[in-house]
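Beneath this line is the structure, given in structure tokens, with notes to follow.
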Amino acid sequence: MANGGIIGTVNNPTSSTATGVWQQEEQYEAKVTGTWPQRALFTTKSARFNSASSDYMTKSNSSTGSTTKATISMWVKFSSVLTNQAFWENYSDGSNYLRLRYRSDASLSVQVDLSNSTDVLKITTRKFRDTSAWYHIVLAINLADGTQEDKYILYINGVRETSFSTNNNTANTSGNYVGGGNGFNFTIGRHPSSDAYYDGYMSEYVFVDGQNLAPTSFGVANSSGFWSPIPYAGTFGTNGFNLQFENAAALGTDSSPNSNTFTVNNLTSLDQTTDYPENNFTTANPLNVNSGAVGTFTDGNLTIKVANSSGSVFGSSSTIGASNGKWYCETKIITRDSCIIGVTPSPAEDARSNRSPTGASSSGSVGCLVDSGNKYVSGNGTTYGAATAEGGTMMIALDLDNLKVYFGSGGQWANGSGAWNQSGLISGAAISITAVASTPEGAYFFSFGDGGGSAKAKVSWNFGNAPYAISSGNADANGYGNFEYAPPSGYYSLNTANLAEFG
């Protein structure tokens, strides 16, 4: 029977209601998808921390929390790697703290210092260098545990870390640095003593005071086997909180019953995004760049500034590519200085060869030169659109079903003969691209480059979460993204939810 032998209407959960009897499979799916009854504490937002603008959050604790047990759960997506960055600090002063951080050697560490003496230091052997993926980090603390190794347990994507290059544990059985209070306060995204600011995205940030919990309280392997967030359904304790980043005007708002809201420093409403562990948006890839040119990546790897002085050509691509489907994005031109935007089928090969992914002469790349609007196919330039002024926004429509790409500017599309004057895509402006099956990566990527020399180009990508203000606001047909101009019919923002359906 549909109800597993229990008489009643089969349950049909939504975001706010449920009816009838829950089947075992339905309970699993509801937990995975976050449907009723916990949806109110489970949104699909993240906060974008930018180390260049010194973003962080703090909260003073007026009450003493647990001195033995606590659990910290967070989802993170790095923008930069190989630099010291803070996730969490329960801090009294420079000589007394509990710290969870990313280290300059790409490892993660848990550290407790008491009176200038290191009491705990656990440094993972494993390295974390992926700027395209979300990681779930859980630190479960139980100082009452009789086994020293189990007093601090670190989990990544639901799996306990057991290999540490340094593994110094404590014999202490209590401390105010566990749950806060008596001078210990919370900081997210910064070391108060060293200003090692976090650079990346954070989502579903939960602190449970007084409980030692497993990662299954915050995540579950979905039906495809991928570790995914679920709503935390338990209590929070005295100093616990639940940061969902759902209020753009107040990103530090606590969604738990405790109202333990954080003070926000330098983060703005523009730092709220829909880039989320269950729907990962592409960004620019800071790891795929030319060795001979210099580019600075900020704003969650959406803004790129070229600082060439050696004559080398700079290039970078998106973190996610696609093999099928139709995809749309925008690029705000801040400093145009010989920059070119487009698509490439071979980003890794171009970068290793010190070529711009959009202008490389043998890569099969297609680009549009911002200064003139000329199109470039494998490095050969011909008339196409017109120049785009600094401050303007260009558009790219990539059709991998028909192997075409189109460029536009200011809400108009190219006519193919030197102007932006088309309200929609026209066949006369279609630029043919190489069949995906014959490309080195088996996919196409959005890309940006410059003309070399002393170029100082600067652009900001909008793959659906612009790091700049949008005056209008347009989503794709699936409701994803926030664009200045409406994506053409049938074109979508490049994220994992859309890729699962169309890619």
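Note on naming: chains are A, B, ... as they come in the structure tokens, residues start from 1 per chain, ligands start from 1 in the order shown.
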
Residues flagged strand (DSSP E or B) by DSSP in segment 27-160 of chain A, as a ChimeraX atom specification: /A:46-49,56-59,69-78,85-93,96-102,108-114,117-124,135-142,152-156,159-160

List every residue of segment 225-313 of chain A that has an atom at most 12 Å from any atom of segment 131-143 of chain A, giving for each one its closest atom pair and the distance in Å to one decimal, counting only C-alpha atoms, sorted by chain and then by ascending residue number, as CSV.
```
residue,atom,partner,partner_atom,distance
A:Phe226,CA,A:Trp134,CA,11.1
A:Trp227,CA,A:His136,CA,8.2
A:Ser228,CA,A:His136,CA,8.5
A:Pro229,CA,A:His136,CA,8.3
A:Ile230,CA,A:His136,CA,11.5
A:Asp275,CA,A:Trp134,CA,9.6
A:Tyr276,CA,A:Trp134,CA,7.9
A:Pro277,CA,A:Trp134,CA,5.6
A:Glu278,CA,A:Trp134,CA,8.9
A:Asn279,CA,A:Trp134,CA,9.8
A:Asn280,CA,A:Ala133,CA,7.5
A:Phe281,CA,A:Ser132,CA,8.5
A:Thr282,CA,A:Ser132,CA,7.2
A:Thr283,CA,A:Ser132,CA,7.5
A:Ala284,CA,A:Ser132,CA,9.0
A:Asn285,CA,A:Thr131,CA,7.3
A:Pro286,CA,A:Thr131,CA,7.9
A:Leu287,CA,A:Thr131,CA,8.0
A:Asn288,CA,A:Thr131,CA,10.7
A:Phe297,CA,A:Thr131,CA,11.8
A:Gly300,CA,A:Thr131,CA,9.7
A:Asn301,CA,A:Thr131,CA,8.9
```

Could you write out that same residue set with N, CA and C atoms as a PDB file, in the first residue's frame?
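So out22.pdb came out as:
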```pdb
ATOM      1  N   PHE A 226      25.210  13.034  -2.571  1.00  0.00           N
ATOM      2  CA  PHE A 226      25.950  14.247  -2.235  1.00  0.00           C
ATOM      3  C   PHE A 226      25.515  14.764  -0.869  1.00  0.00           C
ATOM      4  N   TRP A 227      26.496  15.198  -0.078  1.00  0.00           N
ATOM      5  CA  TRP A 227      26.207  15.736   1.247  1.00  0.00           C
ATOM      6  C   TRP A 227      25.517  17.089   1.103  1.00  0.00           C
ATOM      7  N   SER A 228      24.346  17.240   1.721  1.00  0.00           N
ATOM      8  CA  SER A 228      23.507  18.423   1.537  1.00  0.00           C
ATOM      9  C   SER A 228      23.000  18.924   2.884  1.00  0.00           C
ATOM     10  N   PRO A 229      22.709  20.223   2.991  1.00  0.00           N
ATOM     11  CA  PRO A 229      22.203  20.767   4.257  1.00  0.00           C
ATOM     12  C   PRO A 229      20.765  20.366   4.520  1.00  0.00           C
ATOM     13  N   ILE A 230      20.442  20.214   5.800  1.00  0.00           N
ATOM     14  CA  ILE A 230      19.070  20.032   6.251  1.00  0.00           C
ATOM     15  C   ILE A 230      18.825  21.019   7.383  1.00  0.00           C
ATOM     16  N   ASP A 275      23.974  31.942  -3.914  1.00  0.00           N
ATOM     17  CA  ASP A 275      24.974  30.887  -4.091  1.00  0.00           C
ATOM     18  C   ASP A 275      24.946  30.053  -2.815  1.00  0.00           C
ATOM     19  N   TYR A 276      24.591  28.787  -2.935  1.00  0.00           N
ATOM     20  CA  TYR A 276      24.181  28.006  -1.776  1.00  0.00           C
ATOM     21  C   TYR A 276      24.607  26.552  -1.974  1.00  0.00           C
ATOM     22  N   PRO A 277      24.842  25.788  -0.897  1.00  0.00           N
ATOM     23  CA  PRO A 277      25.334  24.419  -1.071  1.00  0.00           C
ATOM     24  C   PRO A 277      24.481  23.536  -1.968  1.00  0.00           C
ATOM     25  N   GLU A 278      23.163  23.754  -2.007  1.00  0.00           N
ATOM     26  CA  GLU A 278      22.304  22.936  -2.866  1.00  0.00           C
ATOM     27  C   GLU A 278      22.137  23.535  -4.258  1.00  0.00           C
ATOM     28  N   ASN A 279      22.627  24.742  -4.455  1.00  0.00           N
ATOM     29  CA  ASN A 279      22.600  25.355  -5.784  1.00  0.00           C
ATOM     30  C   ASN A 279      23.833  26.230  -5.921  1.00  0.00           C
ATOM     31  N   ASN A 280      24.901  25.619  -6.374  1.00  0.00           N
ATOM     32  CA  ASN A 280      26.219  26.239  -6.454  1.00  0.00           C
ATOM     33  C   ASN A 280      26.341  27.021  -7.760  1.00  0.00           C
ATOM     34  N   PHE A 281      26.556  28.335  -7.659  1.00  0.00           N
ATOM     35  CA  PHE A 281      26.718  29.186  -8.834  1.00  0.00           C
ATOM     36  C   PHE A 281      28.190  29.228  -9.246  1.00  0.00           C
ATOM     37  N   THR A 282      28.418  29.374 -10.528  1.00  0.00           N
ATOM     38  CA  THR A 282      29.787  29.556 -10.993  1.00  0.00           C
ATOM     39  C   THR A 282      30.307  30.922 -10.569  1.00  0.00           C
ATOM     40  N   THR A 283      31.623  31.032 -10.450  1.00  0.00           N
ATOM     41  CA  THR A 283      32.325  32.294 -10.256  1.00  0.00           C
ATOM     42  C   THR A 283      33.521  32.294 -11.203  1.00  0.00           C
ATOM     43  N   ALA A 284      34.302  33.353 -11.188  1.00  0.00           N
ATOM     44  CA  ALA A 284      35.577  33.313 -11.890  1.00  0.00           C
ATOM     45  C   ALA A 284      36.536  32.412 -11.122  1.00  0.00           C
ATOM     46  N   ASN A 285      37.465  31.799 -11.823  1.00  0.00           N
ATOM     47  CA  ASN A 285      38.362  30.807 -11.230  1.00  0.00           C
ATOM     48  C   ASN A 285      39.742  31.417 -10.992  1.00  0.00           C
ATOM     49  N   PRO A 286      40.094  31.717  -9.733  1.00  0.00           N
ATOM     50  CA  PRO A 286      41.403  32.322  -9.467  1.00  0.00           C
ATOM     51  C   PRO A 286      42.557  31.339  -9.601  1.00  0.00           C
ATOM     52  N   LEU A 287      42.250  30.039  -9.710  1.00  0.00           N
ATOM     53  CA  LEU A 287      43.303  29.035  -9.841  1.00  0.00           C
ATOM     54  C   LEU A 287      43.671  28.777 -11.296  1.00  0.00           C
ATOM     55  N   ASN A 288      42.850  29.258 -12.215  1.00  0.00           N
ATOM     56  CA  ASN A 288      43.119  29.055 -13.633  1.00  0.00           C
ATOM     57  C   ASN A 288      43.492  30.399 -14.258  1.00  0.00           C
ATOM     58  N   PHE A 297      41.547  39.015  -7.601  1.00  0.00           N
ATOM     59  CA  PHE A 297      40.164  38.538  -7.538  1.00  0.00           C
ATOM     60  C   PHE A 297      39.562  38.982  -6.209  1.00  0.00           C
ATOM     61  N   GLY A 300      34.104  37.713  -3.815  1.00  0.00           N
ATOM     62  CA  GLY A 300      33.717  36.323  -4.025  1.00  0.00           C
ATOM     63  C   GLY A 300      34.109  35.799  -5.380  1.00  0.00           C
ATOM     64  N   ASN A 301      35.253  36.253  -5.901  1.00  0.00           N
ATOM     65  CA  ASN A 301      35.769  35.856  -7.221  1.00  0.00           C
ATOM     66  C   ASN A 301      34.828  36.266  -8.354  1.00  0.00           C
TER      67      ASN A 301
END
```

Which residues, written as an MDAnalysis selection string, have at least one atom at most 12 Å from Phe502 of chain A, with only C-alpha atoms counted and residues fewer than 2 positions away on the same chain left out? chainID A and resid 322:327 399:401 478 490:500

Kindly export the residues of the current selection with N, CA and C atoms, as a PDB file, in the first residue's frame.
```
ATOM      1  N   ALA A 322      29.821  24.048 -19.142  1.00  0.00           N
ATOM      2  CA  ALA A 322      28.622  23.310 -19.551  1.00  0.00           C
ATOM      3  C   ALA A 322      28.864  22.653 -20.896  1.00  0.00           C
ATOM      4  N   SER A 323      28.199  21.517 -21.090  1.00  0.00           N
ATOM      5  CA  SER A 323      28.312  20.782 -22.355  1.00  0.00           C
ATOM      6  C   SER A 323      27.055  20.880 -23.196  1.00  0.00           C
ATOM      7  N   ASN A 324      25.932  21.170 -22.557  1.00  0.00           N
ATOM      8  CA  ASN A 324      24.648  21.290 -23.245  1.00  0.00           C
ATOM      9  C   ASN A 324      23.902  22.489 -22.669  1.00  0.00           C
ATOM     10  N   GLY A 325      22.777  22.814 -23.297  1.00  0.00           N
ATOM     11  CA  GLY A 325      21.914  23.845 -22.757  1.00  0.00           C
ATOM     12  C   GLY A 325      22.261  25.241 -23.240  1.00  0.00           C
ATOM     13  N   LYS A 326      21.499  26.225 -22.723  1.00  0.00           N
ATOM     14  CA  LYS A 326      21.657  27.624 -23.096  1.00  0.00           C
ATOM     15  C   LYS A 326      21.883  28.441 -21.828  1.00  0.00           C
ATOM     16  N   TRP A 327      22.920  29.289 -21.849  1.00  0.00           N
ATOM     17  CA  TRP A 327      23.398  29.927 -20.626  1.00  0.00           C
ATOM     18  C   TRP A 327      23.598  31.428 -20.833  1.00  0.00           C
ATOM     19  N   ASP A 399      24.713  29.316 -26.504  1.00  0.00           N
ATOM     20  CA  ASP A 399      23.786  28.271 -26.937  1.00  0.00           C
ATOM     21  C   ASP A 399      24.582  27.028 -27.311  1.00  0.00           C
ATOM     22  N   LEU A 400      24.693  26.079 -26.369  1.00  0.00           N
ATOM     23  CA  LEU A 400      25.460  24.869 -26.631  1.00  0.00           C
ATOM     24  C   LEU A 400      24.642  23.798 -27.332  1.00  0.00           C
ATOM     25  N   ASP A 401      23.334  24.001 -27.446  1.00  0.00           N
ATOM     26  CA  ASP A 401      22.509  23.052 -28.198  1.00  0.00           C
ATOM     27  C   ASP A 401      22.670  23.266 -29.702  1.00  0.00           C
ATOM     28  N   ASN A 478      13.668  29.787 -14.439  1.00  0.00           N
ATOM     29  CA  ASN A 478      13.554  28.936 -13.263  1.00  0.00           C
ATOM     30  C   ASN A 478      13.556  29.731 -11.968  1.00  0.00           C
ATOM     31  N   GLY A 490      14.642  30.866 -22.802  1.00  0.00           N
ATOM     32  CA  GLY A 490      15.305  29.572 -22.866  1.00  0.00           C
ATOM     33  C   GLY A 490      16.732  29.565 -22.369  1.00  0.00           C
ATOM     34  N   TYR A 491      17.251  30.729 -21.939  1.00  0.00           N
ATOM     35  CA  TYR A 491      18.617  30.822 -21.427  1.00  0.00           C
ATOM     36  C   TYR A 491      18.586  30.931 -19.908  1.00  0.00           C
ATOM     37  N   TYR A 492      19.594  30.323 -19.240  1.00  0.00           N
ATOM     38  CA  TYR A 492      19.566  30.202 -17.794  1.00  0.00           C
ATOM     39  C   TYR A 492      20.904  30.606 -17.174  1.00  0.00           C
ATOM     40  N   SER A 493      20.848  30.978 -15.908  1.00  0.00           N
ATOM     41  CA  SER A 493      22.082  31.254 -15.168  1.00  0.00           C
ATOM     42  C   SER A 493      22.828  29.936 -14.940  1.00  0.00           C
ATOM     43  N   LEU A 494      24.151  30.041 -14.901  1.00  0.00           N
ATOM     44  CA  LEU A 494      24.985  28.839 -14.823  1.00  0.00           C
ATOM     45  C   LEU A 494      25.181  28.440 -13.359  1.00  0.00           C
ATOM     46  N   ASN A 495      24.338  27.516 -12.896  1.00  0.00           N
ATOM     47  CA  ASN A 495      24.443  26.986 -11.542  1.00  0.00           C
ATOM     48  C   ASN A 495      24.070  25.508 -11.566  1.00  0.00           C
ATOM     49  N   THR A 496      24.327  24.820 -10.468  1.00  0.00           N
ATOM     50  CA  THR A 496      24.166  23.368 -10.462  1.00  0.00           C
ATOM     51  C   THR A 496      22.705  22.923 -10.575  1.00  0.00           C
ATOM     52  N   ALA A 497      21.771  23.744 -10.075  1.00  0.00           N
ATOM     53  CA  ALA A 497      20.363  23.383 -10.212  1.00  0.00           C
ATOM     54  C   ALA A 497      19.953  23.401 -11.674  1.00  0.00           C
ATOM     55  N   ASN A 498      20.331  24.445 -12.399  1.00  0.00           N
ATOM     56  CA  ASN A 498      20.009  24.510 -13.826  1.00  0.00           C
ATOM     57  C   ASN A 498      20.784  23.484 -14.635  1.00  0.00           C
ATOM     58  N   LEU A 499      22.027  23.218 -14.246  1.00  0.00           N
ATOM     59  CA  LEU A 499      22.815  22.204 -14.948  1.00  0.00           C
ATOM     60  C   LEU A 499      22.189  20.817 -14.816  1.00  0.00           C
ATOM     61  N   ALA A 500      21.643  20.528 -13.654  1.00  0.00           N
ATOM     62  CA  ALA A 500      21.002  19.225 -13.456  1.00  0.00           C
ATOM     63  C   ALA A 500      19.816  19.036 -14.388  1.00  0.00           C
TER      64      ALA A 500
END
```

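The environment of Phe445 of chain A within 6 Å, counting only C-alpha atoms and disregarding residues fewer than 4 places along the same chain, consists of Ser318, Gly321, Val343 and Thr344 of chain A.
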
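When only C-alpha atoms are used to compute distances to Gly385 of chain A, the closest of the residues A:Asn90, A:Asn402, A:Gln412, A:Asn462 turns out to be A:Gln412.
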
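The space separating atom CA of Thr263 of chain A from atom CA of Met57 of chain A comes to 5.5 Å.
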
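Counting only C-alpha atoms and comparing A:Leu213, A:Ile396, A:Tyr384, A:Asp93, the residue that lies closest to Gly428 of chain A is A:Tyr384.
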
Nearby residues (only C-alpha atoms) at most 12 Å from Phe448 of chain A, same-chain spacing under 6 positions excluded, as a ChimeraX atom specification: /A:283-286,288-290,295,302-306,313-318,330-333,336,338-344,347,350-351,355-360,365-370,396,457-461

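Here atom CA of Lys77 of chain A is placed at a distance of 8.8 Å from atom CA of Asp199 of chain A.
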
Can you check which residues of segment 254-396 of chain A DSSP gives as helix (DSSP H, G or I) on the backbone and send them as a VMD selection string? chain A and resid 269 to 271 347 to 352

Write out as a ChimeraX atom specification which residues come within 10 Å of Asp195 of chain A when counting only C-alpha atoms, dropping same-chain ones fewer than 4 positions away. /A:51,54,56,84-86,189-191

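Residue nearest Tyr177 of chain A within the list A:Tyr97, A:Tyr328, A:Phe49, A:Phe87: A:Tyr97 [criterion: smallest interatomic distance, only C-alpha atoms].
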
Nearest residue to Ala52 of chain A out of A:Phe128, A:Phe78, A:Trp88, A:Tyr197, using only C-alpha atoms? A:Tyr197

Near segment 233-235 of chain A, within 8 Å and counting only C-alpha atoms, which residues show up once chain neighbours fewer than 2 positions away are dropped, as a list in words? Gln38, Val208, Ser217, Pro231 and Gly237 of chain A

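Atom CA of Phe164 of chain A is found 4.3 Å from atom CA of Thr124 of chain A.
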